[in-house]
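Below: start_3.txt (compact mmCIF, C-alpha atoms and all ligand atoms)
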```txt
# COMPACT_ATOMS: atom_id res chain seq x y z
CA VAL A 1 132.51 74.46 48.46
CA SER A 2 130.94 72.92 45.36
CA PRO A 3 132.96 70.06 43.84
CA GLN A 4 133.62 72.12 40.70
CA ILE A 5 135.10 75.01 42.65
CA SER A 6 137.23 72.83 44.92
CA SER A 7 138.54 70.95 41.91
CA LEU A 8 139.45 74.25 40.24
CA ARG A 9 141.06 75.49 43.44
CA SER A 10 143.08 72.30 43.82
CA GLN A 11 144.44 73.01 40.35
CA GLY A 12 145.70 76.36 41.57
CA PHE A 13 143.20 78.76 40.02
CA SER A 14 142.88 82.12 41.70
CA PRO A 15 139.75 84.27 41.72
CA GLY A 16 138.98 85.80 38.38
CA ALA A 17 141.77 83.90 36.64
CA LYS A 18 141.01 82.78 33.10
CA ILE A 19 140.75 79.02 32.66
CA PRO A 20 143.56 77.93 30.32
CA LEU A 21 142.56 76.67 26.90
CA GLY A 22 142.21 72.94 26.71
CA LEU A 23 140.99 72.58 30.29
CA LYS A 24 137.24 72.31 30.34
CA ARG A 25 135.56 73.39 33.55
CA LYS A 26 132.44 71.46 34.50
CA SER A 27 129.39 73.59 33.98
CA MET A 28 127.53 74.77 37.08
CA ARG A 29 123.83 75.23 37.85
CA ILE A 30 123.35 78.81 38.87
CA LEU A 31 120.25 80.46 40.28
CA VAL A 32 119.87 84.19 39.59
CA THR A 33 116.98 85.74 41.53
CA GLY A 34 115.85 88.98 39.90
CA GLY A 35 117.54 87.73 36.72
CA ALA A 36 115.01 89.44 34.43
CA GLY A 37 115.98 92.85 35.81
CA PHE A 38 118.62 95.31 34.71
CA VAL A 39 121.75 93.95 36.46
CA GLY A 40 120.51 90.34 36.61
CA SER A 41 120.00 90.03 32.86
CA HIS A 42 123.56 91.21 32.12
CA LEU A 43 124.88 88.72 34.67
CA VAL A 44 122.83 85.93 33.06
CA ASP A 45 124.39 86.76 29.67
CA ARG A 46 127.90 86.33 31.10
CA LEU A 47 127.08 83.09 32.94
CA ILE A 48 125.48 81.53 29.85
CA GLU A 49 128.40 82.70 27.71
CA ARG A 50 130.75 80.96 30.18
CA GLY A 51 128.85 77.69 29.63
CA ASP A 52 126.86 77.45 32.86
CA SER A 53 123.21 76.49 33.27
CA VAL A 54 121.12 79.33 34.59
CA ILE A 55 117.75 79.40 36.33
CA VAL A 56 116.16 82.83 36.61
CA LEU A 57 113.55 83.40 39.34
CA ASP A 58 111.63 86.62 38.89
CA ASN A 59 108.17 87.98 39.67
CA PHE A 60 108.49 90.65 36.93
CA PHE A 61 107.77 93.51 39.32
CA THR A 62 110.46 95.60 37.67
CA GLY A 63 112.05 92.98 35.41
CA ARG A 64 111.04 92.22 31.83
CA LYS A 65 111.02 89.05 29.74
CA GLU A 66 112.55 91.10 26.92
CA ASN A 67 115.78 91.32 28.95
CA VAL A 68 116.37 87.55 28.79
CA MET A 69 114.22 86.49 25.81
CA HIS A 70 117.30 85.91 23.67
CA HIS A 71 118.06 82.83 25.83
CA PHE A 72 114.61 81.22 25.57
CA SER A 73 115.63 78.65 22.96
CA ASN A 74 118.76 77.67 24.94
CA PRO A 75 118.31 74.42 26.93
CA GLN A 76 120.88 75.74 29.47
CA PHE A 77 118.43 78.52 30.37
CA GLU A 78 115.27 78.31 32.45
CA MET A 79 112.92 81.06 33.59
CA ILE A 80 110.52 80.65 36.52
CA ARG A 81 107.90 83.25 37.43
CA HIS A 82 108.14 83.15 41.20
CA ASP A 83 108.10 85.52 44.15
CA VAL A 84 111.10 84.96 46.45
CA VAL A 85 108.89 85.72 49.44
CA GLU A 86 107.45 82.21 48.86
CA PRO A 87 109.64 79.16 49.54
CA ILE A 88 110.87 77.11 46.59
CA LEU A 89 112.77 73.86 46.13
CA LEU A 90 115.56 73.77 43.54
CA GLU A 91 118.95 72.10 43.17
CA VAL A 92 121.76 74.51 42.31
CA ASP A 93 125.49 75.10 42.97
CA GLN A 94 125.43 78.88 43.30
CA ILE A 95 122.83 81.54 44.05
CA TYR A 96 123.16 85.15 42.96
CA HIS A 97 120.42 86.85 45.00
CA LEU A 98 119.38 90.06 43.26
CA ALA A 99 115.59 90.01 43.58
CA CYS A 100 114.54 93.39 44.99
CA PRO A 101 113.38 96.60 43.36
CA ALA A 102 116.35 98.98 43.23
CA SER A 103 114.94 102.34 42.18
CA PRO A 104 113.63 104.54 45.02
CA VAL A 105 110.37 105.08 43.10
CA HIS A 106 109.83 101.31 42.85
CA TYR A 107 110.91 100.35 46.35
CA LYS A 108 108.81 103.08 47.96
CA HIS A 109 105.78 102.02 45.89
CA ASN A 110 104.97 99.19 48.33
CA PRO A 111 107.41 99.51 51.22
CA VAL A 112 106.12 96.54 53.21
CA LYS A 113 106.57 94.33 50.15
CA THR A 114 110.12 95.70 49.79
CA ILE A 115 110.90 94.68 53.38
CA LYS A 116 109.37 91.25 52.88
CA THR A 117 111.40 90.76 49.72
CA ASN A 118 114.61 91.71 51.51
CA VAL A 119 113.96 89.80 54.70
CA VAL A 120 111.70 86.81 53.92
CA GLY A 121 113.00 86.54 50.34
CA THR A 122 116.63 86.51 51.51
CA LEU A 123 115.78 84.06 54.30
CA ASN A 124 114.23 81.66 51.77
CA MET A 125 117.21 81.84 49.45
CA LEU A 126 119.59 81.28 52.39
CA GLY A 127 117.44 78.33 53.49
CA LEU A 128 117.73 76.94 49.98
CA ALA A 129 121.51 77.51 49.95
CA LYS A 130 121.80 75.70 53.28
CA ARG A 131 119.69 72.73 52.11
CA VAL A 132 121.61 72.12 48.89
CA GLY A 133 125.07 73.38 49.97
CA ALA A 134 125.12 76.19 47.40
CA ARG A 135 127.27 79.29 47.61
CA PHE A 136 125.14 82.40 48.14
CA LEU A 137 125.90 85.94 46.98
CA LEU A 138 123.84 88.87 48.32
CA THR A 139 123.60 92.05 46.27
CA SER A 140 123.49 94.60 49.04
CA THR A 141 123.82 98.31 48.46
CA SER A 142 125.72 101.48 49.25
CA GLU A 143 122.41 102.56 50.85
CA VAL A 144 123.45 100.60 53.94
CA TYR A 145 125.71 103.65 54.61
CA GLY A 146 122.63 105.91 54.58
CA ASP A 147 123.50 109.63 54.51
CA PRO A 148 127.18 108.90 55.22
CA LEU A 149 129.25 110.83 57.73
CA GLU A 150 132.43 109.24 56.36
CA HIS A 151 133.61 110.05 52.83
CA PRO A 152 134.49 108.08 50.74
CA GLN A 153 132.78 105.11 52.32
CA ARG A 154 134.84 102.10 53.40
CA GLU A 155 133.30 98.72 54.22
CA SER A 156 134.23 99.21 57.88
CA TYR A 157 131.82 102.17 58.15
CA TRP A 158 128.55 101.21 59.90
CA GLY A 159 126.46 103.90 58.29
CA ASN A 160 124.00 106.64 59.17
CA VAL A 161 120.54 105.31 58.36
CA ASN A 162 117.17 106.66 59.45
CA PRO A 163 115.30 103.56 60.70
CA ILE A 164 111.83 105.12 60.35
CA GLY A 165 112.13 107.11 57.12
CA VAL A 166 110.67 106.55 53.67
CA ARG A 167 113.88 104.89 52.41
CA SER A 168 114.17 102.55 55.42
CA CYS A 169 112.24 99.72 53.77
CA TYR A 170 115.17 99.39 51.38
CA ASP A 171 118.13 100.52 53.52
CA GLU A 172 117.13 98.63 56.65
CA GLY A 173 115.83 95.74 54.53
CA LYS A 174 119.26 95.33 52.94
CA ARG A 175 121.00 95.76 56.31
CA THR A 176 118.86 92.93 57.70
CA ALA A 177 119.59 90.87 54.59
CA GLU A 178 123.32 91.32 55.32
CA THR A 179 122.72 90.26 58.94
CA LEU A 180 120.82 87.13 57.85
CA THR A 181 123.57 86.31 55.37
CA MET A 182 126.27 86.50 58.06
CA ASP A 183 124.16 84.55 60.56
CA TYR A 184 123.61 81.69 58.06
CA HIS A 185 127.34 81.78 57.41
CA ARG A 186 128.33 81.69 61.09
CA GLY A 187 125.48 79.51 62.30
CA ALA A 188 124.89 77.05 59.47
CA GLY A 189 128.21 77.18 57.61
CA VAL A 190 126.65 78.48 54.41
CA GLU A 191 129.28 79.86 52.01
CA VAL A 192 128.33 83.47 51.48
CA ARG A 193 129.49 86.58 49.64
CA ILE A 194 128.27 90.16 50.14
CA ALA A 195 128.53 92.92 47.53
CA ARG A 196 127.64 96.52 48.36
CA ILE A 197 126.72 97.95 45.00
CA PHE A 198 126.96 101.67 44.24
CA ASN A 199 124.78 103.44 41.63
CA THR A 200 124.96 101.46 38.41
CA TYR A 201 123.66 102.39 34.95
CA GLY A 202 123.61 100.89 31.48
CA PRO A 203 121.45 99.36 28.74
CA ARG A 204 118.18 97.67 29.81
CA MET A 205 117.48 99.98 32.74
CA CYS A 206 113.75 100.63 33.01
CA ILE A 207 113.11 103.82 31.09
CA ASP A 208 110.79 105.39 33.63
CA ASP A 209 112.18 103.92 36.82
CA GLY A 210 112.90 107.30 38.38
CA ARG A 211 116.63 106.78 38.88
CA VAL A 212 118.66 109.80 37.94
CA VAL A 213 120.64 108.48 34.97
CA SER A 214 117.61 106.84 33.32
CA ASN A 215 115.50 109.95 33.99
CA PHE A 216 118.04 112.41 32.53
CA VAL A 217 118.73 110.26 29.47
CA ALA A 218 115.05 109.63 28.68
CA GLN A 219 114.21 113.30 29.30
CA ALA A 220 117.01 114.58 27.05
CA LEU A 221 116.02 112.14 24.28
CA ARG A 222 112.38 113.25 24.52
CA LYS A 223 113.43 116.90 24.47
CA GLU A 224 111.96 117.35 27.95
CA PRO A 225 113.91 119.29 30.59
CA MET A 226 116.07 117.19 32.92
CA THR A 227 114.64 117.25 36.44
CA VAL A 228 117.35 118.11 38.98
CA TYR A 229 116.14 117.46 42.53
CA GLY A 230 117.14 119.93 45.24
CA ASP A 231 120.08 122.18 44.39
CA GLY A 232 121.76 119.43 42.31
CA LYS A 233 124.93 119.61 44.43
CA GLN A 234 124.43 116.17 45.99
CA THR A 235 126.86 113.59 44.59
CA ARG A 236 126.79 110.01 43.39
CA SER A 237 129.41 107.75 41.80
CA PHE A 238 128.21 105.99 38.68
CA GLN A 239 129.36 102.55 37.58
CA PHE A 240 128.75 100.93 34.19
CA VAL A 241 126.92 97.62 34.43
CA SER A 242 129.59 95.42 32.80
CA ASP A 243 132.11 96.51 35.45
CA LEU A 244 129.66 95.51 38.18
CA VAL A 245 128.96 92.10 36.62
CA GLU A 246 132.70 91.38 36.43
CA GLY A 247 133.01 92.31 40.12
CA LEU A 248 130.08 90.13 41.16
CA MET A 249 131.51 87.10 39.33
CA ARG A 250 134.98 87.61 40.80
CA LEU A 251 133.47 87.90 44.24
CA MET A 252 131.43 84.72 43.80
CA GLU A 253 134.43 82.72 42.52
CA GLY A 254 136.90 84.16 45.03
CA ASP A 255 137.68 83.15 48.60
CA HIS A 256 136.45 86.22 50.48
CA VAL A 257 133.11 86.76 52.15
CA GLY A 258 133.23 90.54 52.09
CA PRO A 259 131.38 92.84 52.26
CA PHE A 260 132.95 94.46 49.21
CA ASN A 261 132.11 97.86 47.79
CA LEU A 262 131.55 97.50 44.05
CA GLY A 263 131.34 100.92 42.45
CA ASN A 264 133.17 103.47 40.35
CA PRO A 265 134.91 106.09 42.50
CA GLY A 266 134.31 108.80 39.86
CA GLU A 267 132.06 111.21 41.80
CA PHE A 268 129.65 113.68 40.15
CA THR A 269 127.13 116.22 41.37
CA MET A 270 123.72 115.89 39.70
CA LEU A 271 124.42 119.16 37.89
CA GLU A 272 127.67 117.69 36.53
CA LEU A 273 125.81 114.56 35.47
CA ALA A 274 123.30 116.72 33.59
CA GLU A 275 126.25 118.38 31.79
CA VAL A 276 127.62 114.98 30.70
CA VAL A 277 124.17 113.95 29.44
CA LYS A 278 124.03 117.23 27.48
CA GLU A 279 127.43 116.52 25.90
CA VAL A 280 126.35 113.04 24.85
CA ILE A 281 122.75 113.67 23.73
CA ASP A 282 121.90 117.28 23.14
CA PRO A 283 123.94 120.41 23.94
CA ASN A 284 120.69 122.38 24.07
CA ALA A 285 119.05 120.15 26.68
CA ARG A 286 117.59 122.20 29.54
CA ILE A 287 117.33 121.52 33.25
CA VAL A 288 114.56 122.32 35.71
CA PHE A 289 114.84 122.20 39.49
CA ARG A 290 112.38 120.12 41.51
CA LYS A 291 111.94 119.65 45.25
CA ASN A 292 114.22 116.90 46.55
CA THR A 293 112.93 113.67 48.07
CA GLU A 294 113.07 112.98 51.81
CA ASP A 295 116.27 111.63 53.39
CA ASP A 296 118.25 111.94 50.16
CA PRO A 297 121.92 111.13 50.90
CA HIS A 298 124.11 114.20 50.31
CA LYS A 299 127.12 112.38 48.94
CA ARG A 300 128.27 108.94 48.02
CA LYS A 301 131.56 107.56 46.76
CA PRO A 302 133.06 104.12 47.28
CA ASP A 303 136.50 103.36 48.64
CA ILE A 304 137.27 100.27 46.54
CA SER A 305 140.70 99.40 47.99
CA ARG A 306 139.39 96.15 49.44
CA ALA A 307 137.99 94.89 46.12
CA LYS A 308 141.17 96.00 44.33
CA ASN A 309 143.42 94.14 46.75
CA MET A 310 141.38 91.02 47.42
CA LEU A 311 139.47 90.48 44.16
CA GLY A 312 141.88 92.12 41.73
CA TRP A 313 138.91 94.15 40.51
CA GLU A 314 138.40 97.75 39.56
CA PRO A 315 136.00 99.44 37.16
CA LYS A 316 137.28 100.15 33.67
CA ILE A 317 134.54 102.24 32.07
CA SER A 318 134.19 105.94 32.85
CA LEU A 319 130.85 107.76 32.77
CA ARG A 320 131.76 109.46 29.47
CA GLU A 321 132.54 106.06 27.91
CA GLY A 322 129.58 104.20 29.39
CA LEU A 323 126.81 106.72 28.89
CA PRO A 324 126.80 106.55 25.05
CA MET A 325 126.25 102.75 25.25
CA MET A 326 123.21 103.30 27.43
CA VAL A 327 121.96 106.11 25.19
CA ASP A 328 122.05 103.83 22.10
CA ASP A 329 119.79 101.35 23.91
CA PHE A 330 117.44 104.07 25.21
CA ARG A 331 117.18 105.68 21.76
CA ARG A 332 115.80 102.40 20.40
CA ARG A 333 113.41 101.84 23.29
CA VAL A 334 112.19 105.35 24.07
CA SER A 335 110.69 105.62 20.60
CA TYR A 336 108.70 102.39 21.17
CA ASP A 337 107.23 103.61 24.44
CA GLY A 338 104.19 105.23 22.91
CA LYS A 339 105.76 108.54 23.92
CA GLU A 340 106.93 111.18 21.48
CA PRO A 341 109.28 109.46 18.96
CA VAL A 342 112.88 110.59 19.10
CA LYS A 343 114.41 112.18 16.01
P1 LIG A 401 115.85 95.84 38.88
O1 LIG A 401 114.65 96.43 39.51
O2 LIG A 401 116.06 96.07 37.41
O3 LIG A 401 115.91 94.29 39.13
C1 LIG A 401 115.35 93.64 40.23
C2 LIG A 401 114.70 92.36 39.75
O4 LIG A 401 114.13 91.68 40.87
C3 LIG A 401 113.54 92.62 38.78
O5 LIG A 401 113.64 91.76 37.69
C4 LIG A 401 112.30 92.35 39.63
O6 LIG A 401 111.19 91.95 38.85
C5 LIG A 401 112.81 91.27 40.57
N1 LIG A 401 112.06 91.18 41.83
C6 LIG A 401 111.74 92.18 42.67
N2 LIG A 401 111.06 91.72 43.73
C7 LIG A 401 110.97 90.36 43.57
C8 LIG A 401 110.39 89.30 44.31
N3 LIG A 401 109.75 89.54 45.47
N4 LIG A 401 110.48 88.05 43.83
C9 LIG A 401 111.12 87.79 42.65
N5 LIG A 401 111.68 88.75 41.90
C10 LIG A 401 111.62 90.02 42.35
O7 LIG A 401 117.10 96.38 39.70
P2 LIG A 401 118.68 96.21 39.45
O8 LIG A 401 119.23 97.56 39.28
O9 LIG A 401 118.92 95.19 38.42
O10 LIG A 401 119.14 95.69 40.88
C11 LIG A 401 119.46 94.34 41.12
C12 LIG A 401 119.95 94.19 42.56
O11 LIG A 401 121.10 94.98 42.77
C13 LIG A 401 118.91 94.61 43.61
O12 LIG A 401 118.96 93.71 44.69
C14 LIG A 401 119.40 95.96 44.05
O13 LIG A 401 119.03 96.24 45.37
C15 LIG A 401 120.90 95.81 43.89
N6 LIG A 401 121.53 97.13 43.68
C16 LIG A 401 121.43 97.76 42.47
C17 LIG A 401 121.98 99.02 42.32
C18 LIG A 401 121.91 99.76 41.00
O14 LIG A 401 122.34 100.92 40.94
N7 LIG A 401 121.41 99.19 39.94
C19 LIG A 401 122.65 99.63 43.38
C20 LIG A 401 122.70 98.96 44.59
C21 LIG A 401 122.15 97.70 44.73
N1 LIG A 402 113.51 77.26 52.10
C1 LIG A 402 113.24 77.29 50.75
N2 LIG A 402 113.81 76.34 49.95
C2 LIG A 402 114.65 75.38 50.43
C3 LIG A 402 114.93 75.37 51.81
C4 LIG A 402 114.34 76.34 52.63
O1 LIG A 402 112.52 78.14 50.25
O2 LIG A 402 115.12 74.58 49.64
C5 LIG A 402 112.89 78.27 52.98
C6 LIG A 402 112.10 77.64 54.09
O3 LIG A 402 110.75 77.50 53.69
C7 LIG A 402 112.23 78.62 55.24
C8 LIG A 402 113.49 79.40 54.92
O4 LIG A 402 113.92 78.99 53.63
O5 LIG A 402 111.14 79.53 55.24
C9 LIG A 402 114.59 79.17 55.92
O6 LIG A 402 114.91 77.82 55.89
P1 LIG A 402 115.69 77.12 57.08
O7 LIG A 402 115.78 75.68 56.76
O8 LIG A 402 116.95 77.83 57.32
O9 LIG A 402 114.80 77.42 58.35
P2 LIG A 402 113.49 76.71 58.91
O10 LIG A 402 112.75 76.11 57.77
O11 LIG A 402 114.03 75.72 59.86
O12 LIG A 402 112.78 77.84 59.55
N1 LIG A 403 117.70 112.79 41.14
C1 LIG A 403 117.55 113.93 40.38
N2 LIG A 403 116.65 113.91 39.36
C2 LIG A 403 115.92 112.81 39.03
C3 LIG A 403 116.10 111.64 39.80
C4 LIG A 403 117.00 111.67 40.85
O1 LIG A 403 118.20 114.95 40.62
O2 LIG A 403 115.15 112.87 38.07
C5 LIG A 403 118.70 112.80 42.24
C6 LIG A 403 118.22 112.24 43.58
O3 LIG A 403 117.65 113.29 44.35
C7 LIG A 403 119.49 111.72 44.18
C8 LIG A 403 120.34 111.30 42.99
O4 LIG A 403 119.74 111.91 41.86
O5 LIG A 403 120.17 112.75 44.85
C9 LIG A 403 120.38 109.79 42.76
O6 LIG A 403 119.05 109.31 42.77
P1 LIG A 403 118.66 107.84 42.30
O7 LIG A 403 117.21 107.72 42.53
O8 LIG A 403 119.18 107.59 40.93
O9 LIG A 403 119.49 106.87 43.25
P2 LIG A 403 119.83 106.82 44.82
O10 LIG A 403 119.19 107.99 45.51
O11 LIG A 403 119.28 105.53 45.26
O12 LIG A 403 121.30 106.89 44.87
```

If you convert what's in this file into structure tokens, what do you get?
Amino acid sequence: VSPQISSLRSQGFSPGAKIPLGLKRKSMRILVTGGAGFVGSHLVDRLIERGDSVIVLDNFFTGRKENVMHHFSNPQFEMIRHDVVEPILLEVDQIYHLACPASPVHYKHNPVKTIKTNVVGTLNMLGLAKRVGARFLLTSTSEVYGDPLEHPQRESYWGNVNPIGVRSCYDEGKRTAETLTMDYHRGAGVEVRIARIFNTYGPRMCIDDGRVVSNFVAQALRKEPMTVYGDGKQTRSFQFVSDLVEGLMRLMEGDHVGPFNLGNPGEFTMLELAEVVKEVIDPNARIVFRKNTEDDPHKRKPDISRAKNMLGWEPKISLREGLPMMVDDFRRRVSYDGKEPVK
């Protein structure tokens, strides 16, 4: 336990509790790998706002400087262009390990690199955590459940993953990352936390990253038809990014290793999602059906009882509340993409 955390604990603070006014908590040095990406950059905003020093490690495969540029003049913020597959020496108190492409289009682009990032990258960050005594949080995924045979998915479910399919580089990569995390915990006493993140959306997602929410929103704004893969009856549960960031921070500060499902239990078919996008952007938006991708999970919905009970966390923002916030951001950016400007 870092001295800051043990001192807070000895003063009786529980996970997620607000620090009372007048009591100043010592600022921490926090490493966020993948911090220039979608989720990472929102996390960095919260950590900086809380008064901590943040180092972002990112190779900019899917991340963008624009996501964190607003911190460049802040001495508490540092950005290092680095690939987590290579070792690195740093001194930090906590590590949020997010570096890994998350969209199927991106992670399938170079599958061997995706595996290396998940396995060698995670090993390096665990080695670093062990050397400096930092607490380590892994951002794993609901994909560890594969095409689930249990619904909704609880953390006790071991999953139904194809080990040799086109998604395996990500699914099996993250499963191995979880294994490494637990083995460093059991074998080397590293303090670890594991989050299993379900589909998350919000401002700063890559516009053309191929994920369903970003695709539908960009397509509707460009007056292109929304591409529904397969029959559109497969389901996902969509979580707004600020809810996820709150969950990740509570998990890091709390006393429980996990794994914890972090997701919004609101479950939608892709056809229902297209309807919500129509309501928010354009009632005349059209859909077209496209062939589905291989090994696409049929349904996905988190059971979040464990996070509710042990972290005091649950998502607050529904899809209908969160989507407009993402659309505002996409409206500004889609028109700068060199594509057809949005009216
Ligand atoms: P993202 O692609 O926007 O962010 C990933 C970041 O990692 C990018 O900035 C990218 O440049 C960086 N990166 C990738 N490979 C790297 C490497 N080898 N070295 C250094 N940096 C590297 O994706 P995101 O949605 O922000 O996802 C963040 C994390 O959360 C990922 O680990 C992902 O697997 C996990 N996750 C996300 C979701 C979701 O729906 N967004 C769901 C489940 C899990
Ligand atoms: N590592 C790193 N930074 C550190 C400490 C370790 O990048 O500060 C890397 C190290 O190069 C190794 C990995 O993390 O590849 C695992 O380190 P560990 O010490 O656990 O194993 P070992 O080096 O003994 O194989
Ligand atoms: N999907 C879709 N149209 C798109 C992109 C995705 O219908 O333009 C579907 C995809 O087949 C899957 C679901 O949306 O069933 C979620 O896909 P995404 O790539 O967003 O995330 P993941 O499969 O990793 O949950």

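Going from CA of Asn124 in chain A over to CA of Ala307 in chain A, you cover 27.8 Å.
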
Expected answer as JSON, numbers by chain: residues within 6 Å of ligand LIG 403 (chain A), all atoms listed in the file: {"A": [103, 104, 199, 210, 211, 212, 215, 227, 228, 229, 232, 234, 270, 292, 296]}

Nearest to ligand LIG 401 (chain A) among A:Leu90, A:Val327, A:Ile115, A:Val192, with distances taken over all atoms listed in the file: which residue is it?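 Result for the nearest residue to ligand LIG 401 (chain A): A:Ile115.
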
Selection near Pro259 in chain A, 12 Å with only C-alpha atoms, sequence-local residues under 5 positions removed, as JSON, numbers by chain: {"A": [137, 138, 139, 140, 141, 142, 144, 154, 155, 156, 157, 158, 175, 178, 179, 181, 182, 192, 193, 194, 195, 196, 197, 248, 251, 252, 304, 306, 307, 310, 311]}

Using all atoms listed in the file, find each residue with an atom at most 9 Å away from ligand LIG 402 (chain A) and format the answer as a VMD selection string. chain A and resid 84 to 91 120 to 132 184 188

My list of candidates is A:Glu253, A:Glu314, A:Glu267, A:Glu66. Which is closest to Lys301 in chain A when distances are computed with all atoms listed in the file? A:Glu267

Quick one: everything within 10 Å of Gly40 in chain A, counting all atoms listed in the file, minus sequence neighbours fewer than 6 positions away in the same chain. Send it as a PyMOL selection string. chain A and resi 32-34+56+58+63+67-68+96-99+241+245

Atoms kept (C-alpha atoms) for selection, written as a PDB file, in the coordinates of the input:
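Printed below is selection.pdb as written:
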```pdb
ATOM      1  CA  VAL A  32     119.870  84.190  39.590  1.00  0.00           C
ATOM      2  CA  THR A  33     116.980  85.740  41.530  1.00  0.00           C
ATOM      3  CA  GLY A  34     115.850  88.980  39.900  1.00  0.00           C
ATOM      4  CA  VAL A  56     116.160  82.830  36.610  1.00  0.00           C
ATOM      5  CA  ASP A  58     111.630  86.620  38.890  1.00  0.00           C
ATOM      6  CA  GLY A  63     112.050  92.980  35.410  1.00  0.00           C
ATOM      7  CA  ASN A  67     115.780  91.320  28.950  1.00  0.00           C
ATOM      8  CA  VAL A  68     116.370  87.550  28.790  1.00  0.00           C
ATOM      9  CA  TYR A  96     123.160  85.150  42.960  1.00  0.00           C
ATOM     10  CA  HIS A  97     120.420  86.850  45.000  1.00  0.00           C
ATOM     11  CA  LEU A  98     119.380  90.060  43.260  1.00  0.00           C
ATOM     12  CA  ALA A  99     115.590  90.010  43.580  1.00  0.00           C
ATOM     13  CA  VAL A 241     126.920  97.620  34.430  1.00  0.00           C
ATOM     14  CA  VAL A 245     128.960  92.100  36.620  1.00  0.00           C
TER      15      VAL A 245
END
```

Given only C-alpha atoms and all ligand atoms as the counted atoms, nearest of A:Tyr107, A:Phe238, A:Phe198, A:Phe216 to ligand LIG 401 (chain A): A:Phe198

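When all atoms listed in the file are used to measure the gap to ligand LIG 401 (chain A), the shortest distance among A:Met79, A:Val213, A:Val105, A:Cys100 belongs to A:Cys100.
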